[in-house]
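Here's protein_0.cif, which has mmCIF, C-alpha atoms and all ligand atoms:
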data_my_file
#
loop_
_atom_site.label_atom_id
_atom_site.label_comp_id
_atom_site.auth_asym_id
_atom_site.auth_seq_id
_atom_site.Cartn_x
_atom_site.Cartn_y
_atom_site.Cartn_z
CA MET A 16 49.18 107.13 -104.93
CA GLY A 17 51.28 103.95 -105.25
CA ALA A 18 48.10 101.81 -105.12
CA MET A 19 48.35 102.35 -101.32
CA LYS A 20 51.01 99.69 -100.94
CA THR A 21 52.88 99.59 -97.63
CA ILE A 22 56.63 100.10 -97.81
CA GLY A 23 59.39 98.84 -95.51
CA VAL A 24 62.81 100.48 -95.85
CA LEU A 25 65.54 98.10 -94.67
CA GLY A 26 68.52 100.19 -93.50
CA ALA A 27 67.73 103.86 -92.97
CA GLY A 28 71.18 105.36 -93.49
CA LYS A 29 71.78 108.24 -95.87
CA ILE A 30 69.88 106.89 -98.85
CA GLY A 31 67.18 105.08 -96.81
CA GLU A 32 66.47 108.28 -94.90
CA ALA A 33 66.46 110.28 -98.14
CA LEU A 34 63.84 107.88 -99.51
CA LEU A 35 61.64 108.09 -96.40
CA SER A 36 61.89 111.87 -96.40
CA GLY A 37 61.28 112.10 -100.14
CA LEU A 38 58.23 109.80 -100.04
CA LEU A 39 56.72 111.80 -97.14
CA HIS A 40 57.27 115.04 -99.07
CA GLY A 41 55.87 113.33 -102.16
CA GLY A 42 52.57 112.67 -100.37
CA TYR A 43 53.06 109.28 -98.67
CA SER A 44 51.50 108.84 -95.23
CA PRO A 45 53.83 107.86 -92.36
CA ASP A 46 51.30 105.11 -91.57
CA ASP A 47 52.14 103.37 -94.86
CA LEU A 48 55.88 103.26 -94.12
CA VAL A 49 58.16 101.43 -91.68
CA PHE A 50 61.94 101.16 -91.51
CA THR A 51 64.61 99.04 -89.85
CA GLU A 52 67.85 100.27 -88.32
CA ARG A 53 70.63 98.60 -86.36
CA TYR A 54 71.11 101.26 -83.68
CA PRO A 55 68.09 102.07 -81.48
CA GLU A 56 69.28 105.68 -81.02
CA ARG A 57 69.30 106.25 -84.77
CA ALA A 58 65.87 104.58 -85.07
CA ALA A 59 64.39 106.78 -82.33
CA GLU A 60 65.83 109.91 -83.95
CA LEU A 61 64.28 109.04 -87.33
CA THR A 62 60.89 108.21 -85.77
CA LYS A 63 60.93 111.57 -84.01
CA ARG A 64 61.89 113.39 -87.22
CA TYR A 65 59.49 111.66 -89.63
CA GLY A 66 56.78 109.98 -87.52
CA VAL A 67 57.57 106.65 -89.21
CA ARG A 68 57.66 103.44 -87.11
CA ALA A 69 60.94 101.56 -86.60
CA VAL A 70 60.53 97.77 -86.59
CA ASP A 71 62.72 94.68 -86.85
CA VAL A 72 63.39 93.00 -90.17
CA ARG A 73 60.93 90.16 -89.48
CA THR A 74 58.08 92.60 -88.70
CA ALA A 75 58.89 94.67 -91.79
CA ALA A 76 58.87 91.50 -93.92
CA GLU A 77 55.49 90.43 -92.54
CA TRP A 78 53.86 93.88 -92.71
CA ALA A 79 55.07 95.55 -95.90
CA ASP A 80 53.90 94.88 -99.47
CA VAL A 81 57.21 96.25 -100.74
CA LEU A 82 60.64 95.95 -99.10
CA VAL A 83 63.31 98.46 -100.13
CA VAL A 84 66.83 97.27 -99.36
CA ALA A 85 69.09 100.22 -98.52
CA VAL A 86 72.00 98.70 -96.59
CA LYS A 87 75.59 98.92 -97.80
CA PRO A 88 76.43 96.20 -100.33
CA GLN A 89 79.00 94.91 -97.80
CA ASP A 90 76.14 94.30 -95.28
CA ILE A 91 73.84 92.41 -97.63
CA GLU A 92 74.62 88.80 -96.61
CA PRO A 93 73.47 89.00 -92.95
CA LEU A 94 70.38 90.94 -94.07
CA LEU A 95 69.46 88.26 -96.62
CA ASP A 96 69.98 85.57 -93.93
CA GLU A 97 67.45 87.39 -91.76
CA LEU A 98 65.05 88.15 -94.59
CA ALA A 99 64.93 84.79 -96.38
CA PRO A 100 62.89 82.90 -93.73
CA ALA A 101 60.69 85.93 -92.92
CA ILE A 102 59.59 87.12 -96.35
CA SER A 103 56.57 85.95 -98.31
CA HIS A 104 57.15 85.35 -102.01
CA HIS A 105 54.39 87.87 -102.78
CA THR A 106 56.52 90.70 -101.41
CA LEU A 107 58.13 92.93 -104.00
CA VAL A 108 61.82 93.49 -103.22
CA VAL A 109 63.39 96.72 -104.41
CA THR A 110 67.17 96.97 -104.08
CA LEU A 111 69.01 100.28 -104.03
CA CYS A 112 72.40 98.60 -103.46
CA ALA A 113 75.24 99.62 -105.76
CA GLY A 114 76.66 96.73 -107.76
CA LEU A 115 74.41 93.96 -106.45
CA PRO A 116 72.60 92.05 -109.22
CA THR A 117 68.93 91.08 -108.91
CA ALA A 118 70.12 87.46 -109.33
CA LEU A 119 71.75 87.60 -105.88
CA PHE A 120 68.38 88.41 -104.26
CA GLU A 121 66.55 85.85 -106.40
CA ARG A 122 69.02 83.15 -105.35
CA ARG A 123 68.77 83.92 -101.64
CA LEU A 124 65.04 84.70 -101.28
CA PRO A 125 62.02 82.36 -101.83
CA GLU A 126 61.73 80.95 -105.36
CA GLY A 127 59.89 83.36 -107.67
CA THR A 128 60.46 86.50 -105.56
CA SER A 129 60.01 89.61 -107.68
CA VAL A 130 63.04 91.92 -107.52
CA VAL A 131 63.53 95.36 -109.06
CA ARG A 132 66.96 97.04 -109.00
CA VAL A 133 67.02 100.81 -108.62
CA MET A 134 69.93 103.23 -108.65
CA PRO A 135 68.74 106.53 -107.16
CA ASN A 136 70.81 109.47 -105.91
CA THR A 137 70.71 111.78 -102.89
CA PRO A 138 68.87 114.73 -104.55
CA MET A 139 65.92 112.48 -103.65
CA LEU A 140 65.93 114.57 -100.46
CA VAL A 141 64.67 117.55 -102.45
CA GLY A 142 62.44 115.68 -104.90
CA GLN A 143 65.12 115.84 -107.63
CA ALA A 144 66.43 112.26 -107.70
CA MET A 145 67.55 110.59 -110.89
CA SER A 146 66.62 106.93 -110.59
CA ALA A 147 67.30 104.16 -113.08
CA ILE A 148 65.22 100.98 -112.68
CA SER A 149 65.67 97.44 -114.03
CA PRO A 150 63.49 94.35 -113.54
CA GLY A 151 64.81 91.04 -112.25
CA GLN A 152 63.70 87.81 -113.93
CA HIS A 153 60.47 87.40 -111.89
CA ALA A 154 59.39 91.06 -111.93
CA VAL A 155 56.21 91.51 -113.97
CA PRO A 156 55.38 94.74 -115.84
CA ALA A 157 53.08 95.85 -112.98
CA ASP A 158 56.01 95.57 -110.52
CA LEU A 159 58.22 97.74 -112.70
CA ALA A 160 55.38 100.22 -113.23
CA PHE A 161 54.83 100.39 -109.45
CA VAL A 162 58.52 101.12 -108.79
CA GLU A 163 58.54 103.70 -111.58
CA GLU A 164 55.59 105.44 -109.94
CA LEU A 165 57.12 105.14 -106.46
CA MET A 166 60.41 106.72 -107.51
CA SER A 167 58.60 109.40 -109.51
CA HIS A 168 57.41 110.77 -106.13
CA VAL A 169 61.04 111.75 -105.45
CA GLY A 170 62.36 112.71 -108.89
CA LYS A 171 62.83 111.49 -112.44
CA VAL A 172 62.93 107.84 -113.48
CA VAL A 173 64.42 106.01 -116.45
CA ARG A 174 64.21 102.31 -117.33
CA VAL A 175 67.49 100.62 -118.29
CA PRO A 176 68.56 97.01 -118.89
CA GLU A 177 70.27 95.65 -115.78
CA SER A 178 73.51 95.28 -117.76
CA GLN A 179 73.76 99.11 -117.74
CA GLN A 180 73.32 99.55 -113.97
CA ASP A 181 77.06 99.63 -113.16
CA ALA A 182 77.50 102.49 -115.63
CA VAL A 183 74.41 104.25 -114.26
CA THR A 184 75.78 103.91 -110.72
CA ALA A 185 79.03 105.56 -111.81
CA LEU A 186 77.21 108.37 -113.64
CA SER A 187 74.11 109.41 -111.71
CA GLY A 188 74.41 107.35 -108.50
CA SER A 189 77.74 108.96 -107.65
CA GLY A 190 77.14 111.98 -109.92
CA PRO A 191 76.00 114.47 -107.26
CA ALA A 192 79.34 113.92 -105.47
CA TYR A 193 81.26 115.07 -108.56
CA PHE A 194 79.24 118.29 -108.71
CA PHE A 195 79.69 118.90 -104.96
CA TYR A 196 83.43 118.35 -105.42
CA LEU A 197 83.57 120.86 -108.28
CA VAL A 198 81.58 123.42 -106.29
CA GLU A 199 83.89 122.92 -103.31
CA ALA A 200 86.96 123.48 -105.50
CA MET A 201 85.43 126.55 -107.18
CA ILE A 202 84.58 128.11 -103.81
CA ASP A 203 88.23 127.54 -102.83
CA ALA A 204 89.22 129.40 -105.99
CA GLY A 205 87.13 132.33 -104.76
CA ILE A 206 89.07 132.24 -101.49
CA LEU A 207 92.33 132.21 -103.48
CA LEU A 208 91.16 135.35 -105.27
CA GLY A 209 90.45 137.02 -101.93
CA LEU A 210 86.65 136.83 -101.77
CA PRO A 211 84.88 136.20 -98.47
CA ARG A 212 83.83 132.51 -98.23
CA ALA A 213 80.12 133.33 -97.94
CA VAL A 214 80.22 135.50 -101.07
CA ALA A 215 82.23 132.89 -103.01
CA ALA A 216 79.74 130.19 -101.98
CA GLN A 217 76.73 132.29 -103.01
CA LEU A 218 78.30 133.12 -106.41
CA ILE A 219 79.17 129.51 -107.20
CA ILE A 220 76.01 127.84 -105.88
CA GLN A 221 73.72 130.19 -107.78
CA SER A 222 75.87 129.75 -110.90
CA ALA A 223 75.45 125.96 -110.51
CA VAL A 224 71.67 126.29 -110.06
CA GLY A 225 71.45 128.60 -113.08
CA ALA A 226 73.62 126.36 -115.26
CA ALA A 227 71.66 123.23 -114.22
CA THR A 228 68.34 124.96 -114.93
CA MET A 229 69.55 126.02 -118.41
CA LEU A 230 70.72 122.46 -119.13
CA ALA A 231 67.40 121.01 -117.98
CA GLU A 232 65.11 123.58 -119.59
CA SER A 233 66.75 124.92 -122.76
CA GLY A 234 67.21 121.61 -124.57
CA GLU A 235 70.53 123.04 -125.82
CA HIS A 236 73.69 120.94 -126.04
CA PRO A 237 76.20 121.72 -123.22
CA VAL A 238 78.76 122.76 -125.85
CA THR A 239 76.39 125.43 -127.20
CA LEU A 240 75.74 126.74 -123.70
CA ARG A 241 79.47 126.85 -122.90
CA GLU A 242 80.27 128.59 -126.20
CA ALA A 243 77.75 131.30 -125.34
CA VAL A 244 79.80 132.08 -122.21
CA THR A 245 83.13 131.96 -124.04
CA SER A 246 83.74 135.39 -125.59
CA PRO A 247 86.53 135.75 -128.17
CA GLY A 248 89.73 136.85 -126.44
CA GLY A 249 87.83 136.91 -123.17
CA THR A 250 88.13 135.46 -119.66
CA THR A 251 86.42 132.10 -120.08
CA ILE A 252 88.71 130.79 -122.82
CA SER A 253 91.70 131.56 -120.58
CA ALA A 254 90.17 129.29 -117.94
CA ILE A 255 89.22 126.57 -120.48
CA LYS A 256 92.83 126.49 -121.70
CA GLU A 257 93.97 125.65 -118.15
CA LEU A 258 91.25 122.99 -117.72
CA GLU A 259 92.41 121.33 -120.95
CA LYS A 260 96.09 121.64 -119.95
CA HIS A 261 95.36 119.87 -116.65
CA GLY A 262 93.42 117.07 -118.34
CA VAL A 263 90.13 117.69 -116.51
CA ARG A 264 88.08 115.95 -119.22
CA ALA A 265 90.36 112.88 -119.17
CA ALA A 266 90.25 112.91 -115.36
CA LEU A 267 86.43 112.77 -115.44
CA LEU A 268 86.45 109.92 -117.97
CA SER A 269 88.90 107.92 -115.81
CA ALA A 270 87.07 108.74 -112.59
CA ILE A 271 83.72 107.55 -113.89
CA GLU A 272 85.31 104.43 -115.36
CA ALA A 273 86.82 103.69 -111.92
CA ALA A 274 83.40 104.09 -110.28
CA ARG A 275 81.90 101.68 -112.83
CA ASP A 276 84.69 99.15 -112.12
CA ARG A 277 84.06 99.42 -108.37
CA SER A 278 80.35 98.75 -108.90
CA VAL A 279 81.21 95.59 -110.86
CA GLU A 280 83.60 94.54 -108.08
CA LEU A 281 80.94 95.03 -105.37
CA GLY A 282 78.67 92.65 -107.30
CA ARG A 283 81.42 90.06 -107.85
CA ALA A 284 82.05 89.84 -104.12
CA HIS A 285 78.64 88.16 -103.76
CA GLN A 286 78.81 85.64 -106.58
CA PRO A 287 78.16 82.00 -105.69
CA GLU A 288 81.24 79.86 -104.95
N1 LIG A 301 74.53 107.38 -100.65
C1 LIG A 301 74.20 107.43 -101.94
O1 LIG A 301 74.32 108.48 -102.62
C2 LIG A 301 73.62 106.24 -102.64
C3 LIG A 301 73.62 104.99 -102.04
N2 LIG A 301 73.09 103.91 -102.71
C4 LIG A 301 73.08 102.60 -102.08
O2 LIG A 301 72.28 102.68 -100.91
C5 LIG A 301 72.78 101.78 -99.95
C6 LIG A 301 72.97 102.53 -98.64
O3 LIG A 301 73.99 103.53 -98.83
P1 LIG A 301 74.15 104.70 -97.80
O4 LIG A 301 72.80 105.16 -97.36
O5 LIG A 301 75.10 105.66 -98.40
O6 LIG A 301 74.88 103.93 -96.58
P2 LIG A 301 74.66 104.08 -95.02
O7 LIG A 301 75.75 103.34 -94.34
O8 LIG A 301 74.44 105.52 -94.68
O9 LIG A 301 73.28 103.33 -94.77
C7 LIG A 301 73.08 101.97 -94.56
C8 LIG A 301 72.29 101.80 -93.28
O10 LIG A 301 71.82 100.48 -93.14
C9 LIG A 301 72.04 100.05 -91.79
N3 LIG A 301 72.08 98.58 -91.75
C10 LIG A 301 73.08 97.76 -92.10
N4 LIG A 301 72.72 96.47 -91.95
C11 LIG A 301 71.45 96.49 -91.49
C12 LIG A 301 70.52 95.48 -91.15
N5 LIG A 301 70.83 94.18 -91.23
N6 LIG A 301 69.31 95.85 -90.72
C13 LIG A 301 68.98 97.14 -90.64
N7 LIG A 301 69.82 98.16 -90.95
C14 LIG A 301 71.04 97.83 -91.36
C15 LIG A 301 73.33 100.73 -91.45
O11 LIG A 301 73.54 100.74 -90.06
P3 LIG A 301 75.06 100.95 -89.47
O12 LIG A 301 75.17 102.42 -89.27
O13 LIG A 301 75.02 100.17 -88.22
O14 LIG A 301 76.05 100.40 -90.44
C16 LIG A 301 73.14 102.11 -92.05
O15 LIG A 301 72.39 102.97 -91.20
C17 LIG A 301 74.07 101.18 -100.48
O16 LIG A 301 73.83 99.88 -100.94
C18 LIG A 301 74.44 102.11 -101.61
O17 LIG A 301 75.12 101.41 -102.64
C19 LIG A 301 72.49 104.04 -103.93
C20 LIG A 301 72.46 105.26 -104.55
C21 LIG A 301 73.05 106.44 -103.99
O1 LIG A 302 79.38 105.45 -103.26
C1 LIG A 302 78.57 104.51 -103.34
O2 LIG A 302 78.95 103.33 -103.36
C2 LIG A 302 77.10 104.81 -103.43
C3 LIG A 302 76.48 104.24 -104.67
C4 LIG A 302 76.20 105.41 -105.54
C5 LIG A 302 76.44 106.56 -104.71
N1 LIG A 302 76.88 106.23 -103.55
#
Go ahead and render the structure in this file as structure tokens.
Ligand SMILES: NC(=O)C1=CN([C@@H]2O[C@H](COP(=O)(O)OP(=O)(O)OC[C@H]3O[C@@H](n4cnc5c(N)ncnc54)[C@H](OP(=O)(O)O)[C@@H]3O)[C@@H](O)[C@H]2O)C=CC1
Ligand SMILES: O=C(O)[C@@H]1CCC=N1
Amino acid sequence: MGAMKTIGVLGAGKIGEALLSGLLHGGYSPDDLVFTERYPERAAELTKRYGVRAVDVRTAAEWADVLVVAVKPQDIEPLLDELAPAISHHTLVVTLCAGLPTALFERRLPEGTSVVRVMPNTPMLVGQAMSAISPGQHAVPADLAFVEELMSHVGKVVRVPESQQDAVTALSGSGPAYFFYLVEAMIDAGILLGLPRAVAAQLIIQSAVGAATMLAESGEHPVTLREAVTSPGGTTISAIKELEKHGVRAALLSAIEAARDRSVELGRAHQPE
């Protein structure tokens, strides 16, 4: 178990909470975790829910072997101001922030600080995260191996060069949102066809679970799986024709490109003068 390292989660919003919850489900003890939060009410609520201690950033920096940064990229500067004087250079820093390069942390934290960049996603809440990890310039193989093991408690992990993290963020970081959006639209289609909302939701959600399981377990290409649903002269091809007519494939390509561009932009906002 993670070599029993203590973990401090800085910023327990949606993704910070998902990590705490996922690690607890994955076998971590609440005694090996702390978190920081700006609002005391939110901190108290999380402590009640998970039994994990809320502390200030200085205490987290002094106590934890590993600090996981989970604030919005827009909030990083004040956090680094607080962290820089408090952190020891032996602490491993793991950043979950979209767009922010490891070099930003290395520049602002004590010389030689080991930083690993991770892009997870919210299915971490159910142990089904997809996380991509990249080492900063001072991260040694043991640091990367530790983070790989840590994130494997909450899902699957892949190693990528940091230069690919903006693309990863656009694909799997934001990816669950695209599926939720599709499901939402498909349930609406059920309503359009006169089905009760609860029935439409059950039909679509189970179809999504079934399709995802086939993709994950069959090893078949998505085209093969789609062709198996598409009977000659049947219903599916009538729907596919409309999807093509409305440029859904092109829309997805443009959407994911836009997400990648936004990730790059979030990183640029924190470049040195
Ligand atoms: N949501 C997602 O699917 C994913 C998010 N990420 C990354 O995770 C990070 C967090 O995103 P998300 O959880 O969605 O955002 P949230 O706004 O939900 O979470 C950020 C939390 O950090 C708190 N916070 C801000 N500054 C500080 C500080 N100095 N000390 C302590 N707490 C602080 C915020 O408090 P307050 O409410 O006061 O602002 C908030 O609760 C981002 O960098 C994002 O790019 C990565 C992968 C997926
Ligand atoms: O939307 C965002 O910026 C974050 C990063 C990836 C998913 N959510």
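Going from CA of Leu39 in chain A over to CA of Glu60 in chain A, you cover 16.1 Å.
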Residue with smallest distance to ligand LIG 301 (chain A) - pool A:Arg57, A:Lys29, A:His40, A:Arg212, counting all atoms listed in the file
A:Lys29
Taking only C-alpha atoms and all ligand atoms into account, which residues are within 7 Å of ligand LIG 302 (chain A), as number ranges by chain?
A: 113, 136, 184-185, 188-189
Within 6 Å of ligand LIG 301 (chain A), which residues of chain A come that close, and what is the closest atom pair and distance in Å for each? Count all atoms listed in the file and give it as JSON lines.
{"residue": "A:Leu25", "atom": "CA", "partner": "A:LIG301", "partner_atom": "C13", "distance": 5.4}
{"residue": "A:Gly26", "atom": "CA", "partner": "A:LIG301", "partner_atom": "O10", "distance": 3.3}
{"residue": "A:Ala27", "atom": "CA", "partner": "A:LIG301", "partner_atom": "C8", "distance": 5.0}
{"residue": "A:Gly28", "atom": "CA", "partner": "A:LIG301", "partner_atom": "O9", "distance": 3.2}
{"residue": "A:Lys29", "atom": "CA", "partner": "A:LIG301", "partner_atom": "O4", "distance": 3.6}
{"residue": "A:Ile30", "atom": "CA", "partner": "A:LIG301", "partner_atom": "O4", "distance": 3.7}
{"residue": "A:Gly31", "atom": "CA", "partner": "A:LIG301", "partner_atom": "O4", "distance": 5.6}
{"residue": "A:Thr51", "atom": "CA", "partner": "A:LIG301", "partner_atom": "C13", "distance": 4.8}
{"residue": "A:Glu52", "atom": "CA", "partner": "A:LIG301", "partner_atom": "N7", "distance": 3.9}
{"residue": "A:Arg53", "atom": "CA", "partner": "A:LIG301", "partner_atom": "N7", "distance": 4.7}
{"residue": "A:Ala85", "atom": "CA", "partner": "A:LIG301", "partner_atom": "C5", "distance": 4.3}
{"residue": "A:Val86", "atom": "CA", "partner": "A:LIG301", "partner_atom": "O10", "distance": 3.9}
{"residue": "A:Lys87", "atom": "CA", "partner": "A:LIG301", "partner_atom": "O16", "distance": 3.7}
{"residue": "A:Pro88", "atom": "CA", "partner": "A:LIG301", "partner_atom": "O16", "distance": 4.5}
{"residue": "A:Asp90", "atom": "CA", "partner": "A:LIG301", "partner_atom": "N4", "distance": 5.2}
{"residue": "A:Leu94", "atom": "CA", "partner": "A:LIG301", "partner_atom": "N5", "distance": 4.3}
{"residue": "A:Leu111", "atom": "CA", "partner": "A:LIG301", "partner_atom": "C4", "distance": 5.1}
{"residue": "A:Cys112", "atom": "CA", "partner": "A:LIG301", "partner_atom": "O16", "distance": 3.2}
{"residue": "A:Ala113", "atom": "CA", "partner": "A:LIG301", "partner_atom": "O17", "distance": 3.6}
{"residue": "A:Met134", "atom": "CA", "partner": "A:LIG301", "partner_atom": "C20", "distance": 5.2}
{"residue": "A:Pro135", "atom": "CA", "partner": "A:LIG301", "partner_atom": "C20", "distance": 4.7}
{"residue": "A:Asn136", "atom": "CA", "partner": "A:LIG301", "partner_atom": "C21", "distance": 4.2}
{"residue": "A:Thr137", "atom": "CA", "partner": "A:LIG301", "partner_atom": "O1", "distance": 4.9}
{"residue": "A:Gly188", "atom": "CA", "partner": "A:LIG301", "partner_atom": "C21", "distance": 4.8}
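Distance check against Pro116 in chain A using all atoms listed in the file: of A:Gly190, A:Pro176, A:Asp71, A:Leu218, the minimum falls on A:Pro176.
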Val198 in chain A environment, 10 Å, only C-alpha atoms, sequence neighbours closer than 6 positions dropped, as an MDAnalysis selection string:
chainID A and resid 192 204 216 219:220 222:223
Between CA of Thr110 in chain A and CA of Leu34 in chain A, distance in Å (one decimal):
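If I compute the distance from CA of Thr110 in chain A to CA of Leu34 in chain A, I get 12.3 Å.
Picture a line from CA of Arg241 in chain A to CA of Val169 in chain A; it runs 29.5 Å.
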Give one line per residue of range 47-105 of chain A that approaches range 142-161 of chain A to at most 12 Å, naming the two atoms of the closest pair and their distance in Å to one decimal, counting only C-alpha atoms; sort by chain then ascending residue number and deliver it as JSON lines.
{"residue": "A:Asp80", "atom": "CA", "partner": "A:Asp158", "partner_atom": "CA", "distance": 11.3}
{"residue": "A:Val81", "atom": "CA", "partner": "A:Asp158", "partner_atom": "CA", "distance": 9.9}
{"residue": "A:His104", "atom": "CA", "partner": "A:His153", "partner_atom": "CA", "distance": 10.6}
{"residue": "A:His105", "atom": "CA", "partner": "A:Ala154", "partner_atom": "CA", "distance": 10.9}
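Residues near the point (76.6, 90.0, -106.9), at a distance of 9 Å or less over all atoms listed in the file, make up A:Gly114, A:Leu115, A:Pro116, A:Thr117, A:Ala118, A:Leu119, A:Phe120, A:Val279, A:Glu280, A:Leu281, A:Gly282, A:Arg283, A:Ala284, A:His285, A:Gln286, A:Pro287.
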Expected file: the selected residues, C-alpha atoms, as an mmCIF file, in the coordinates of the input:
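Listing of part12.cif after writing:
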data_model
loop_
_atom_site.group_PDB
_atom_site.id
_atom_site.type_symbol
_atom_site.label_atom_id
_atom_site.label_comp_id
_atom_site.auth_asym_id
_atom_site.auth_seq_id
_atom_site.Cartn_x
_atom_site.Cartn_y
_atom_site.Cartn_z
ATOM 1 C CA GLY A 114 76.660 96.730 -107.760
ATOM 2 C CA LEU A 115 74.410 93.960 -106.450
ATOM 3 C CA PRO A 116 72.600 92.050 -109.220
ATOM 4 C CA THR A 117 68.930 91.080 -108.910
ATOM 5 C CA ALA A 118 70.120 87.460 -109.330
ATOM 6 C CA LEU A 119 71.750 87.600 -105.880
ATOM 7 C CA PHE A 120 68.380 88.410 -104.260
ATOM 8 C CA VAL A 279 81.210 95.590 -110.860
ATOM 9 C CA GLU A 280 83.600 94.540 -108.080
ATOM 10 C CA LEU A 281 80.940 95.030 -105.370
ATOM 11 C CA GLY A 282 78.670 92.650 -107.300
ATOM 12 C CA ARG A 283 81.420 90.060 -107.850
ATOM 13 C CA ALA A 284 82.050 89.840 -104.120
ATOM 14 C CA HIS A 285 78.640 88.160 -103.760
ATOM 15 C CA GLN A 286 78.810 85.640 -106.580
ATOM 16 C CA PRO A 287 78.160 82.000 -105.690
#
Set the distance at 9 Å and use all atoms listed in the file: which residues neighbour Leu48 in chain A once local chain neighbours fewer than 2 positions away are removed? I'd like the list as a ChimeraX atom specification.
/A:21-24,35,43-46,50,67-68,79
For Gly170 in chain A, which residue among A:Glu32, A:Gly41, A:Phe194, A:Leu95 is the nearest when counting only C-alpha atoms?
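Looking only at the distances to Gly170 in chain A, the closest residue turns out to be A:Gly41.
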